[in-house]
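**Student:** Handing over entry07.csv, CSV, N, CA and C atoms.
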chain,number,residue,atom,x,y,z
M,1460,MET,N,24.7,-17.3,57.1
M,1460,MET,CA,25.2,-18.4,57.9
M,1460,MET,C,24.1,-18.8,58.9
M,1461,VAL,N,24.0,-20.1,59.1
M,1461,VAL,CA,23.1,-20.6,60.1
M,1461,VAL,C,23.9,-20.7,61.4
M,1462,LYS,N,23.1,-20.8,62.5
M,1462,LYS,CA,23.8,-20.8,63.8
M,1462,LYS,C,24.3,-22.2,64.2
M,1463,VAL,N,23.5,-23.2,63.9
M,1463,VAL,CA,23.9,-24.5,64.4
M,1463,VAL,C,23.9,-25.5,63.2
M,1464,THR,N,24.9,-26.3,63.1
M,1464,THR,CA,25.0,-27.4,62.2
M,1464,THR,C,24.9,-28.7,63.0
M,1465,VAL,N,24.0,-29.5,62.7
M,1465,VAL,CA,23.9,-30.9,63.3
M,1465,VAL,C,24.3,-31.8,62.2
M,1466,TYR,N,25.2,-32.7,62.6
M,1466,TYR,CA,25.6,-33.8,61.6
M,1466,TYR,C,25.3,-35.2,62.2
M,1467,ILE,N,24.8,-36.0,61.4
M,1467,ILE,CA,24.5,-37.4,61.8
M,1467,ILE,C,25.3,-38.4,60.9
M,1468,PRO,N,26.3,-39.0,61.5
M,1468,PRO,CA,27.0,-40.1,60.8
M,1468,PRO,C,26.3,-41.4,61.1
M,1469,CYS,N,26.2,-42.2,60.1
M,1469,CYS,CA,25.4,-43.4,60.2
M,1469,CYS,C,26.0,-44.6,59.4
M,1470,HIS,N,26.1,-45.7,60.1
M,1470,HIS,CA,26.5,-47.0,59.5
M,1470,HIS,C,25.5,-48.1,60.0
M,1471,ASN,N,24.7,-48.5,59.1
M,1471,ASN,CA,23.7,-49.6,59.3
M,1471,ASN,C,22.8,-49.3,60.5
M,1472,TYR,N,22.2,-48.1,60.6
M,1472,TYR,CA,21.2,-47.7,61.6
M,1472,TYR,C,19.9,-47.3,60.9
M,1473,ALA,N,19.5,-47.9,59.9
M,1473,ALA,CA,18.3,-47.6,59.1
M,1473,ALA,C,17.1,-47.5,60.0
M,1474,HIS,N,17.0,-48.4,61.0
M,1474,HIS,CA,15.8,-48.5,61.9
M,1474,HIS,C,15.8,-47.4,62.9
M,1475,PHE,N,16.9,-46.7,63.1
M,1475,PHE,CA,16.9,-45.6,64.1
M,1475,PHE,C,17.1,-44.2,63.6
M,1476,VAL,N,17.7,-44.1,62.4
M,1476,VAL,CA,18.1,-42.7,61.9
M,1476,VAL,C,16.9,-41.8,61.6
M,1477,SER,N,15.7,-42.3,61.3
M,1477,SER,CA,14.6,-41.5,61.1
M,1477,SER,C,14.2,-40.7,62.4
M,1478,LYS,N,14.3,-41.4,63.5
M,1478,LYS,CA,14.0,-40.7,64.8
M,1478,LYS,C,15.0,-39.6,65.1
M,1479,ALA,N,16.3,-39.9,64.8
M,1479,ALA,CA,17.3,-38.9,65.0
M,1479,ALA,C,17.0,-37.6,64.1
M,1480,ILE,N,16.8,-37.9,62.9
M,1480,ILE,CA,16.5,-36.8,61.9
M,1480,ILE,C,15.2,-36.0,62.3
M,1481,GLU,N,14.2,-36.7,62.7
M,1481,GLU,CA,12.9,-36.1,63.1
M,1481,GLU,C,13.1,-35.3,64.4
M,1482,SER,N,14.0,-35.7,65.2
M,1482,SER,CA,14.3,-34.9,66.4
M,1482,SER,C,14.9,-33.5,66.1
M,1483,VAL,N,15.7,-33.5,65.0
M,1483,VAL,CA,16.3,-32.2,64.6
M,1483,VAL,C,15.2,-31.4,63.9
M,1484,ILE,N,14.4,-32.0,63.1
M,1484,ILE,CA,13.3,-31.3,62.4
M,1484,ILE,C,12.3,-30.7,63.4
M,1485,SER,N,12.1,-31.3,64.5
M,1485,SER,CA,11.1,-30.9,65.5
M,1485,SER,C,11.6,-29.9,66.5
M,1486,GLN,N,12.8,-29.4,66.3
M,1486,GLN,CA,13.4,-28.4,67.2
M,1486,GLN,C,12.6,-27.1,67.3
M,1487,THR,N,12.4,-26.5,68.5
M,1487,THR,CA,11.8,-25.2,68.6
M,1487,THR,C,12.7,-24.1,68.1
M,1488,TYR,N,14.0,-24.4,68.2
M,1488,TYR,CA,15.0,-23.5,67.7
M,1488,TYR,C,15.1,-23.7,66.2
M,1489,THR,N,15.0,-22.7,65.3
M,1489,THR,CA,14.9,-23.0,63.9
M,1489,THR,C,16.1,-22.6,63.1
M,1490,ASP,N,17.2,-22.1,63.7
M,1490,ASP,CA,18.3,-21.7,63.0
M,1490,ASP,C,19.4,-22.8,62.9
M,1491,TRP,N,19.0,-23.8,62.2
M,1491,TRP,CA,19.9,-25.0,62.1
M,1491,TRP,C,20.0,-25.5,60.6
M,1492,GLU,N,21.0,-26.3,60.4
M,1492,GLU,CA,21.1,-27.1,59.2
M,1492,GLU,C,21.4,-28.5,59.6
M,1493,LEU,N,21.1,-29.5,58.8
M,1493,LEU,CA,21.4,-30.9,59.1
M,1493,LEU,C,22.2,-31.5,58.0
M,1494,ILE,N,23.3,-32.2,58.3
M,1494,ILE,CA,24.1,-32.9,57.4
M,1494,ILE,C,24.1,-34.4,57.8
M,1495,SER,N,23.6,-35.2,56.9
M,1495,SER,CA,23.6,-36.7,57.2
M,1495,SER,C,24.6,-37.4,56.3
M,1496,ILE,N,25.4,-38.2,56.9
M,1496,ILE,CA,26.4,-38.9,56.2
M,1496,ILE,C,26.3,-40.4,56.4
M,1497,ASP,N,26.0,-41.1,55.3
M,1497,ASP,CA,26.0,-42.6,55.3
M,1497,ASP,C,27.3,-43.1,55.1
M,1498,ASP,N,27.8,-43.9,56.0
M,1498,ASP,CA,29.2,-44.5,55.9
M,1498,ASP,C,29.2,-45.9,55.4
M,1499,ALA,N,28.8,-46.0,54.2
M,1499,ALA,CA,28.8,-47.3,53.5
M,1499,ALA,C,27.9,-48.4,54.1
M,1500,SER,N,26.7,-48.0,54.5
M,1500,SER,CA,25.7,-48.9,55.1
M,1500,SER,C,25.3,-50.0,54.1
M,1501,SER,N,25.0,-51.2,54.7
M,1501,SER,CA,24.5,-52.2,53.8
M,1501,SER,C,23.0,-52.4,54.0
M,1502,ASP,N,22.4,-51.6,54.9
M,1502,ASP,CA,21.0,-51.6,55.1
M,1502,ASP,C,20.4,-50.4,54.3
M,1503,ARG,N,19.2,-50.0,54.6
M,1503,ARG,CA,18.5,-48.9,53.9
M,1503,ARG,C,18.8,-47.5,54.5
M,1504,ALA,N,19.8,-47.4,55.2
M,1504,ALA,CA,20.1,-46.1,55.9
M,1504,ALA,C,20.2,-45.0,54.9
M,1505,SER,N,21.0,-45.2,53.8
M,1505,SER,CA,21.2,-44.1,52.8
M,1505,SER,C,19.9,-43.7,52.2
M,1506,GLU,N,19.0,-44.6,51.9
M,1506,GLU,CA,17.7,-44.3,51.3
M,1506,GLU,C,16.9,-43.4,52.3
M,1507,VAL,N,16.9,-43.8,53.5
M,1507,VAL,CA,16.1,-43.0,54.5
M,1507,VAL,C,16.7,-41.6,54.6
M,1508,MET,N,18.0,-41.5,54.8
M,1508,MET,CA,18.6,-40.2,54.9
M,1508,MET,C,18.5,-39.3,53.7
M,1509,LYS,N,18.6,-39.9,52.6
M,1509,LYS,CA,18.4,-39.1,51.3
M,1509,LYS,C,17.0,-38.6,51.1
M,1510,ARG,N,16.0,-39.4,51.5
M,1510,ARG,CA,14.6,-39.0,51.4
M,1510,ARG,C,14.4,-37.7,52.2
M,1511,TYR,N,14.9,-37.6,53.4
M,1511,TYR,CA,14.8,-36.4,54.2
M,1511,TYR,C,15.5,-35.2,53.6
M,1512,ALA,N,16.7,-35.5,53.1
M,1512,ALA,CA,17.5,-34.4,52.5
M,1512,ALA,C,16.8,-33.9,51.3
M,1513,ASP,N,16.3,-34.7,50.5
M,1513,ASP,CA,15.6,-34.3,49.3
M,1513,ASP,C,14.3,-33.5,49.6
M,1514,ALA,N,13.7,-33.8,50.7
M,1514,ALA,CA,12.5,-33.1,51.1
M,1514,ALA,C,12.7,-31.7,51.5
M,1515,ASP,N,13.9,-31.4,51.9
M,1515,ASP,CA,14.3,-30.0,52.4
M,1515,ASP,C,15.7,-29.7,52.1
M,1516,PRO,N,16.0,-29.5,50.8
M,1516,PRO,CA,17.4,-29.4,50.4
M,1516,PRO,C,18.1,-28.0,50.8
M,1517,ASN,N,17.3,-27.1,51.2
M,1517,ASN,CA,17.8,-25.8,51.7
M,1517,ASN,C,18.4,-25.9,53.1
M,1518,ARG,N,17.9,-26.9,53.9
M,1518,ARG,CA,18.3,-27.1,55.3
M,1518,ARG,C,19.1,-28.4,55.5
M,1519,MET,N,19.0,-29.3,54.6
M,1519,MET,CA,19.6,-30.7,54.8
M,1519,MET,C,20.5,-31.1,53.6
M,1520,GLN,N,21.6,-31.6,54.0
M,1520,GLN,CA,22.5,-32.2,53.0
M,1520,GLN,C,22.7,-33.6,53.3
M,1521,PHE,N,23.0,-34.4,52.3
M,1521,PHE,CA,23.2,-35.8,52.4
M,1521,PHE,C,24.5,-36.2,51.6
M,1522,ARG,N,25.3,-37.0,52.2
M,1522,ARG,CA,26.5,-37.5,51.6
M,1522,ARG,C,26.5,-39.0,51.8
M,1523,GLN,N,27.0,-39.7,50.8
M,1523,GLN,CA,27.1,-41.2,51.0
M,1523,GLN,C,28.5,-41.6,50.6
M,1524,ASN,N,29.1,-42.3,51.6
M,1524,ASN,CA,30.4,-43.0,51.4
M,1524,ASN,C,30.2,-44.4,50.9
M,1525,PHE,N,30.8,-44.7,49.8
M,1525,PHE,CA,30.7,-46.1,49.3
M,1525,PHE,C,31.7,-47.1,49.9
M,1526,GLU,N,32.6,-46.5,50.6
M,1526,GLU,CA,33.5,-47.3,51.4
M,1526,GLU,C,33.5,-46.7,52.8
M,1527,ALA,N,33.5,-47.5,53.8
M,1527,ALA,CA,33.4,-47.0,55.2
M,1527,ALA,C,34.7,-46.2,55.5
M,1528,THR,N,34.6,-45.0,56.1
M,1528,THR,CA,35.7,-44.2,56.4
M,1528,THR,C,35.9,-44.0,57.9
M,1529,GLY,N,34.8,-44.2,58.7
M,1529,GLY,CA,34.9,-44.1,60.1
M,1529,GLY,C,34.4,-42.7,60.6
M,1530,LEU,N,34.3,-42.6,62.0
M,1530,LEU,CA,33.8,-41.4,62.6
M,1530,LEU,C,34.7,-40.2,62.4
M,1531,THR,N,36.0,-40.3,62.5
M,1531,THR,CA,36.9,-39.2,62.3
M,1531,THR,C,36.8,-38.6,61.0
M,1532,ALA,N,36.8,-39.4,59.9
M,1532,ALA,CA,36.7,-38.9,58.6
M,1532,ALA,C,35.4,-38.3,58.3
M,1533,ASN,N,34.3,-38.9,58.9
M,1533,ASN,CA,33.0,-38.3,58.7
M,1533,ASN,C,32.9,-36.9,59.4
M,1534,ALA,N,33.5,-36.8,60.6
M,1534,ALA,CA,33.5,-35.6,61.3
M,1534,ALA,C,34.2,-34.5,60.5
M,1535,ASN,N,35.4,-34.8,59.9
M,1535,ASN,CA,36.1,-33.9,59.1
M,1535,ASN,C,35.3,-33.5,57.9
M,1536,LEU,N,34.6,-34.4,57.3
M,1536,LEU,CA,33.7,-34.1,56.1
M,1536,LEU,C,32.6,-33.1,56.6
M,1537,ALA,N,32.0,-33.4,57.7
M,1537,ALA,CA,30.9,-32.5,58.2
M,1537,ALA,C,31.4,-31.1,58.5
M,1538,VAL,N,32.6,-31.0,59.1
M,1538,VAL,CA,33.2,-29.7,59.4
M,1538,VAL,C,33.4,-28.9,58.1
M,1539,LYS,N,33.9,-29.6,57.0
M,1539,LYS,CA,34.1,-28.9,55.7
M,1539,LYS,C,32.8,-28.5,55.1
M,1540,MET,N,31.7,-29.2,55.3
M,1540,MET,CA,30.4,-28.9,54.7
M,1540,MET,C,29.6,-27.9,55.5
M,1541,ALA,N,29.9,-27.8,56.8
M,1541,ALA,CA,29.1,-27.1,57.7
M,1541,ALA,C,29.1,-25.6,57.4
M,1542,LEU,N,27.9,-25.0,57.6
M,1542,LEU,CA,27.8,-23.5,57.5
M,1542,LEU,C,27.5,-22.9,58.8
M,1543,GLY,N,27.3,-23.7,59.8
M,1543,GLY,CA,26.9,-23.2,61.2
M,1543,GLY,C,28.1,-22.6,61.9
M,1544,LYS,N,27.8,-21.7,62.8
M,1544,LYS,CA,28.7,-21.2,63.8
M,1544,LYS,C,29.1,-22.2,64.8
M,1545,TYR,N,28.1,-23.1,65.2
M,1545,TYR,CA,28.3,-24.2,66.1
M,1545,TYR,C,28.0,-25.5,65.4
M,1546,ILE,N,28.8,-26.5,65.8
M,1546,ILE,CA,28.6,-27.8,65.1
M,1546,ILE,C,28.5,-28.9,66.2
M,1547,MET,N,27.5,-29.8,66.0
M,1547,MET,CA,27.3,-30.9,67.0
M,1547,MET,C,27.1,-32.2,66.2
M,1548,ARG,N,27.6,-33.2,66.8
M,1548,ARG,CA,27.3,-34.6,66.3
M,1548,ARG,C,26.1,-35.2,67.0
M,1549,LEU,N,25.2,-35.8,66.2
M,1549,LEU,CA,24.1,-36.5,66.8
M,1549,LEU,C,24.2,-37.9,66.2
M,1550,ASP,N,24.5,-38.9,67.1
M,1550,ASP,CA,24.6,-40.3,66.6
M,1550,ASP,C,23.2,-40.7,66.0
M,1551,ALA,N,23.3,-41.6,65.1
M,1551,ALA,CA,22.1,-42.1,64.3
M,1551,ALA,C,21.1,-42.8,65.2
M,1552,ASP,N,21.5,-43.3,66.3
M,1552,ASP,CA,20.6,-44.0,67.2
M,1552,ASP,C,20.2,-43.2,68.4
M,1553,ASP,N,20.5,-41.9,68.4
M,1553,ASP,CA,20.1,-41.0,69.5
M,1553,ASP,C,19.1,-40.0,68.9
M,1554,TRP,N,18.6,-39.1,69.8
M,1554,TRP,CA,17.7,-38.1,69.4
M,1554,TRP,C,17.8,-36.9,70.4
M,1555,LEU,N,17.3,-35.8,70.0
M,1555,LEU,CA,17.3,-34.6,70.8
M,1555,LEU,C,16.0,-34.2,71.4
M,1556,ASP,N,16.0,-33.7,72.6
M,1556,ASP,CA,14.8,-33.1,73.1
M,1556,ASP,C,14.4,-31.9,72.2
M,1557,GLU,N,13.2,-31.6,72.1
M,1557,GLU,CA,12.8,-30.5,71.2
M,1557,GLU,C,13.4,-29.2,71.5
M,1558,ASN,N,13.9,-28.9,72.7
M,1558,ASN,CA,14.5,-27.7,73.0
M,1558,ASN,C,16.0,-27.7,73.1
M,1559,ALA,N,16.6,-28.8,72.7
M,1559,ALA,CA,18.0,-29.0,72.9
M,1559,ALA,C,18.8,-27.9,72.2
M,1560,LEU,N,18.6,-27.7,71.0
M,1560,LEU,CA,19.3,-26.7,70.2
M,1560,LEU,C,19.1,-25.2,70.8
M,1561,LEU,N,17.9,-25.0,71.2
M,1561,LEU,CA,17.6,-23.7,71.8
M,1561,LEU,C,18.4,-23.4,73.1
M,1562,VAL,N,18.5,-24.4,73.9
M,1562,VAL,CA,19.2,-24.3,75.2
M,1562,VAL,C,20.7,-24.2,74.9
M,1563,MET,N,21.2,-25.1,74.0
M,1563,MET,CA,22.7,-25.0,73.7
M,1563,MET,C,23.1,-23.8,73.0
M,1564,ALA,N,22.4,-23.3,72.0
M,1564,ALA,CA,22.7,-22.1,71.3
M,1564,ALA,C,22.6,-20.9,72.2
M,1565,HIS,N,21.6,-20.8,73.0
M,1565,HIS,CA,21.5,-19.7,73.9
M,1565,HIS,C,22.6,-19.6,74.9
M,1566,TYR,N,23.0,-20.8,75.5
M,1566,TYR,CA,24.1,-20.8,76.4
M,1566,TYR,C,25.4,-20.4,75.7
M,1567,LEU,N,25.7,-20.9,74.5
M,1567,LEU,CA,26.9,-20.6,73.8
M,1567,LEU,C,27.0,-19.1,73.5
M,1568,GLU,N,25.9,-18.6,73.1
M,1568,GLU,CA,25.8,-17.1,72.7
M,1568,GLU,C,26.1,-16.3,74.0
M,1569,ALA,N,25.5,-16.7,75.1
M,1569,ALA,CA,25.7,-15.9,76.3
M,1569,ALA,C,27.0,-16.1,77.0
M,1570,HIS,N,27.8,-17.1,76.6
M,1570,HIS,CA,29.1,-17.4,77.1
M,1570,HIS,C,30.1,-17.7,76.0
M,1571,PRO,N,30.5,-16.6,75.4
M,1571,PRO,CA,31.4,-16.7,74.2
M,1571,PRO,C,32.8,-17.3,74.6
M,1572,ASP,N,33.1,-17.4,75.8
M,1572,ASP,CA,34.4,-17.9,76.3
M,1572,ASP,C,34.4,-19.5,76.3
M,1573,VAL,N,33.2,-20.0,76.1
M,1573,VAL,CA,33.1,-21.5,76.2
M,1573,VAL,C,33.5,-22.1,74.8
Since I need it in another form, could you write the structure as structure tokens?
**Tutor:**
Amino acid sequence: MVKVTVYIPCHNYAHFVSKAIESVISQTYTDWELISIDDASSDRASEVMKRYADADPNRMQFRQNFEATGLTANANLAVKMALGKYIMRLDADDWLDENALLVMAHYLEAHPDV
């Protein structure tokens, strides 16, 4: 089991999603997996996301919806796919500081009541 699952739902954010994915790859905390979900994008988002997942299939999964299902359905899909003890959403147009997962995982492990 991995400690942290990060999932990125995406709909037409091809120009931004690489930065989001790269911010996960660049984490100083290494006990993570990434699930990227393309929600029927009409741009090149699925191509970008799939390229990353194919480059590291042991840590990254990619799913493509051919009809848009929305954030809630994508969250439910990510939860079903996730192997992590902790799960977080990262929007496709956002990114993480390189120590974000380290800080979050450390805090959650130190405070099991949270």
**Student:** Of the candidates M:Tyr1566, M:Tyr1488, M:Phe1525, M:Phe1475, which one gets nearest to M:Ala1551 if we count only C-alpha atoms?
**Tutor:** M:Phe1475
**Student:** Choose the residue, out of M:Lys1478, M:Ser1501, M:Ser1495, M:Ala1534, that has the smallest atom-to-atom separation from M:Gln1520; count all atoms listed in the file.
**Tutor:**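 Counting all atoms listed in the file, the residue closest to M:Gln1520 is M:Ser1495.
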**Student:** Tell me, in Å to one decimal, how far atom N of M:Leu1560 is from atom CA of M:Gln1486.
**Tutor:**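 These two atoms are separated by 6.5 Å.
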**Student:** So which one's closest to M:Ala1527, M:Ala1499, M:Ala1479, M:Ala1569, M:Met1547? Using only N, CA and C atoms, please.
**Tutor:**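 The shortest atom-to-atom distance to M:Ala1527 comes from M:Ala1499.
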**Student:** Write out as a tab-separated table (two decimals) with N, CA and C atoms, keeping the file's coordinate frame which residues come within 6.5 Å of M:Asp1502 when counting all atoms listed in the file, dropping same-chain ones fewer than 3 positions away.
**Tutor:**
chain	number	residue	atom	x	y	z
M	1471	ASN	N	24.70	-48.50	59.10
M	1471	ASN	CA	23.70	-49.60	59.30
M	1471	ASN	C	22.80	-49.30	60.50
M	1473	ALA	N	19.50	-47.90	59.90
M	1473	ALA	CA	18.30	-47.60	59.10
M	1473	ALA	C	17.10	-47.50	60.00
M	1499	ALA	N	28.80	-46.00	54.20
M	1499	ALA	CA	28.80	-47.30	53.50
M	1499	ALA	C	27.90	-48.40	54.10
M	1505	SER	N	21.00	-45.20	53.80
M	1505	SER	CA	21.20	-44.10	52.80
M	1505	SER	C	19.90	-43.70	52.20
M	1506	GLU	N	19.00	-44.60	51.90
M	1506	GLU	CA	17.70	-44.30	51.30
M	1506	GLU	C	16.90	-43.40	52.30
**Student:** Kindly indicate which residue among M:Tyr1472, M:Asn1535, M:Arg1522, M:Val1463 lies nearest to M:Val1562, using only C-alpha atoms for the distances.
**Tutor:**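 Once distances to M:Val1562 are computed over only C-alpha atoms, the minimum belongs to M:Val1463.
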**Student:** Please, could all heavy atoms be added to stretch 1554-1565 of chain M and the result written as a PDB file, keeping the file's coordinate frame?
**Tutor:**
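Heads up, here's the output in rebuild-v2.pdb:
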ATOM      1  N   TRP M1554      18.600 -39.100  69.800  1.00  0.00           N
ATOM      2  CA  TRP M1554      17.700 -38.100  69.400  1.00  0.00           C
ATOM      3  C   TRP M1554      17.800 -36.900  70.400  1.00  0.00           C
ATOM      4  O   TRP M1554      18.254 -37.105  71.495  1.00  0.00           O
ATOM      5  CB  TRP M1554      16.223 -38.560  69.251  1.00  0.00           C
ATOM      6  CG  TRP M1554      15.614 -39.080  70.513  1.00  0.00           C
ATOM      7  CD1 TRP M1554      14.911 -38.361  71.435  1.00  0.00           C
ATOM      8  CD2 TRP M1554      15.684 -40.408  71.009  1.00  0.00           C
ATOM      9  NE1 TRP M1554      14.534 -39.178  72.463  1.00  0.00           N
ATOM     10  CE2 TRP M1554      14.987 -40.451  72.233  1.00  0.00           C
ATOM     11  CE3 TRP M1554      16.252 -41.591  70.541  1.00  0.00           C
ATOM     12  CZ2 TRP M1554      14.854 -41.596  72.984  1.00  0.00           C
ATOM     13  CZ3 TRP M1554      16.123 -42.747  71.302  1.00  0.00           C
ATOM     14  CH2 TRP M1554      15.440 -42.733  72.499  1.00  0.00           C
ATOM     15  N   LEU M1555      17.300 -35.800  70.000  1.00  0.00           N
ATOM     16  CA  LEU M1555      17.300 -34.600  70.800  1.00  0.00           C
ATOM     17  C   LEU M1555      16.000 -34.200  71.400  1.00  0.00           C
ATOM     18  O   LEU M1555      14.960 -34.406  70.681  1.00  0.00           O
ATOM     19  CB  LEU M1555      17.790 -33.382  69.912  1.00  0.00           C
ATOM     20  CG  LEU M1555      19.168 -33.447  69.280  1.00  0.00           C
ATOM     21  CD1 LEU M1555      19.362 -32.272  68.320  1.00  0.00           C
ATOM     22  CD2 LEU M1555      20.242 -33.446  70.346  1.00  0.00           C
ATOM     23  N   ASP M1556      16.000 -33.700  72.600  1.00  0.00           N
ATOM     24  CA  ASP M1556      14.800 -33.100  73.100  1.00  0.00           C
ATOM     25  C   ASP M1556      14.400 -31.900  72.200  1.00  0.00           C
ATOM     26  O   ASP M1556      15.336 -31.297  71.634  1.00  0.00           O
ATOM     27  CB  ASP M1556      15.071 -32.641  74.544  1.00  0.00           C
ATOM     28  CG  ASP M1556      13.917 -31.893  75.147  1.00  0.00           C
ATOM     29  OD1 ASP M1556      13.049 -32.526  75.759  1.00  0.00           O
ATOM     30  OD2 ASP M1556      13.884 -30.646  74.983  1.00  0.00           O
ATOM     31  N   GLU M1557      13.200 -31.600  72.100  1.00  0.00           N
ATOM     32  CA  GLU M1557      12.800 -30.500  71.200  1.00  0.00           C
ATOM     33  C   GLU M1557      13.400 -29.200  71.500  1.00  0.00           C
ATOM     34  O   GLU M1557      13.387 -28.302  70.606  1.00  0.00           O
ATOM     35  CB  GLU M1557      11.230 -30.438  71.150  1.00  0.00           C
ATOM     36  CG  GLU M1557      10.628 -29.984  72.450  1.00  0.00           C
ATOM     37  CD  GLU M1557       9.111 -30.003  72.443  1.00  0.00           C
ATOM     38  OE1 GLU M1557       8.510 -30.378  71.429  1.00  0.00           O
ATOM     39  OE2 GLU M1557       8.537 -29.625  73.476  1.00  0.00           O
ATOM     40  N   ASN M1558      13.900 -28.900  72.700  1.00  0.00           N
ATOM     41  CA  ASN M1558      14.500 -27.700  73.000  1.00  0.00           C
ATOM     42  C   ASN M1558      16.000 -27.700  73.100  1.00  0.00           C
ATOM     43  O   ASN M1558      16.611 -26.754  73.576  1.00  0.00           O
ATOM     44  CB  ASN M1558      13.884 -27.161  74.360  1.00  0.00           C
ATOM     45  CG  ASN M1558      12.420 -26.833  74.221  1.00  0.00           C
ATOM     46  OD1 ASN M1558      12.024 -26.083  73.335  1.00  0.00           O
ATOM     47  ND2 ASN M1558      11.599 -27.408  75.080  1.00  0.00           N
ATOM     48  N   ALA M1559      16.600 -28.800  72.700  1.00  0.00           N
ATOM     49  CA  ALA M1559      18.000 -29.000  72.900  1.00  0.00           C
ATOM     50  C   ALA M1559      18.800 -27.900  72.200  1.00  0.00           C
ATOM     51  O   ALA M1559      19.745 -27.323  72.818  1.00  0.00           O
ATOM     52  CB  ALA M1559      18.448 -30.381  72.443  1.00  0.00           C
ATOM     53  N   LEU M1560      18.600 -27.700  71.000  1.00  0.00           N
ATOM     54  CA  LEU M1560      19.300 -26.700  70.200  1.00  0.00           C
ATOM     55  C   LEU M1560      19.100 -25.200  70.800  1.00  0.00           C
ATOM     56  O   LEU M1560      20.034 -24.433  70.823  1.00  0.00           O
ATOM     57  CB  LEU M1560      19.042 -26.708  68.742  1.00  0.00           C
ATOM     58  CG  LEU M1560      19.424 -28.005  68.030  1.00  0.00           C
ATOM     59  CD1 LEU M1560      19.129 -27.892  66.544  1.00  0.00           C
ATOM     60  CD2 LEU M1560      20.869 -28.396  68.279  1.00  0.00           C
ATOM     61  N   LEU M1561      17.900 -25.000  71.200  1.00  0.00           N
ATOM     62  CA  LEU M1561      17.600 -23.700  71.800  1.00  0.00           C
ATOM     63  C   LEU M1561      18.400 -23.400  73.100  1.00  0.00           C
ATOM     64  O   LEU M1561      19.083 -22.393  73.198  1.00  0.00           O
ATOM     65  CB  LEU M1561      16.103 -23.598  72.169  1.00  0.00           C
ATOM     66  CG  LEU M1561      15.639 -22.333  72.899  1.00  0.00           C
ATOM     67  CD1 LEU M1561      15.696 -21.140  71.962  1.00  0.00           C
ATOM     68  CD2 LEU M1561      14.240 -22.533  73.441  1.00  0.00           C
ATOM     69  N   VAL M1562      18.500 -24.400  73.900  1.00  0.00           N
ATOM     70  CA  VAL M1562      19.200 -24.300  75.200  1.00  0.00           C
ATOM     71  C   VAL M1562      20.700 -24.200  74.900  1.00  0.00           C
ATOM     72  O   VAL M1562      21.433 -23.317  75.402  1.00  0.00           O
ATOM     73  CB  VAL M1562      18.944 -25.493  76.105  1.00  0.00           C
ATOM     74  CG1 VAL M1562      19.881 -25.507  77.302  1.00  0.00           C
ATOM     75  CG2 VAL M1562      17.489 -25.457  76.553  1.00  0.00           C
ATOM     76  N   MET M1563      21.200 -25.100  74.000  1.00  0.00           N
ATOM     77  CA  MET M1563      22.700 -25.000  73.700  1.00  0.00           C
ATOM     78  C   MET M1563      23.100 -23.800  73.000  1.00  0.00           C
ATOM     79  O   MET M1563      24.097 -23.142  73.411  1.00  0.00           O
ATOM     80  CB  MET M1563      23.039 -26.251  72.855  1.00  0.00           C
ATOM     81  CG  MET M1563      22.991 -27.555  73.640  1.00  0.00           C
ATOM     82  SD  MET M1563      23.594 -28.975  72.709  1.00  0.00           S
ATOM     83  CE  MET M1563      22.136 -29.409  71.764  1.00  0.00           C
ATOM     84  N   ALA M1564      22.400 -23.300  72.000  1.00  0.00           N
ATOM     85  CA  ALA M1564      22.700 -22.100  71.300  1.00  0.00           C
ATOM     86  C   ALA M1564      22.600 -20.900  72.200  1.00  0.00           C
ATOM     87  O   ALA M1564      23.537 -20.018  72.160  1.00  0.00           O
ATOM     88  CB  ALA M1564      21.836 -21.921  70.061  1.00  0.00           C
ATOM     89  N   HIS M1565      21.600 -20.800  73.000  1.00  0.00           N
ATOM     90  CA  HIS M1565      21.500 -19.700  73.900  1.00  0.00           C
ATOM     91  C   HIS M1565      22.600 -19.600  74.900  1.00  0.00           C
ATOM     92  O   HIS M1565      23.221 -18.581  75.151  1.00  0.00           O
ATOM     93  CB  HIS M1565      20.142 -19.776  74.685  1.00  0.00           C
ATOM     94  CG  HIS M1565      19.953 -18.689  75.682  1.00  0.00           C
ATOM     95  ND1 HIS M1565      19.679 -17.387  75.326  1.00  0.00           N
ATOM     96  CD2 HIS M1565      20.037 -18.688  77.031  1.00  0.00           C
ATOM     97  CE1 HIS M1565      19.590 -16.646  76.411  1.00  0.00           C
ATOM     98  NE2 HIS M1565      19.806 -17.402  77.460  1.00  0.00           N
TER      99      HIS M1565
END
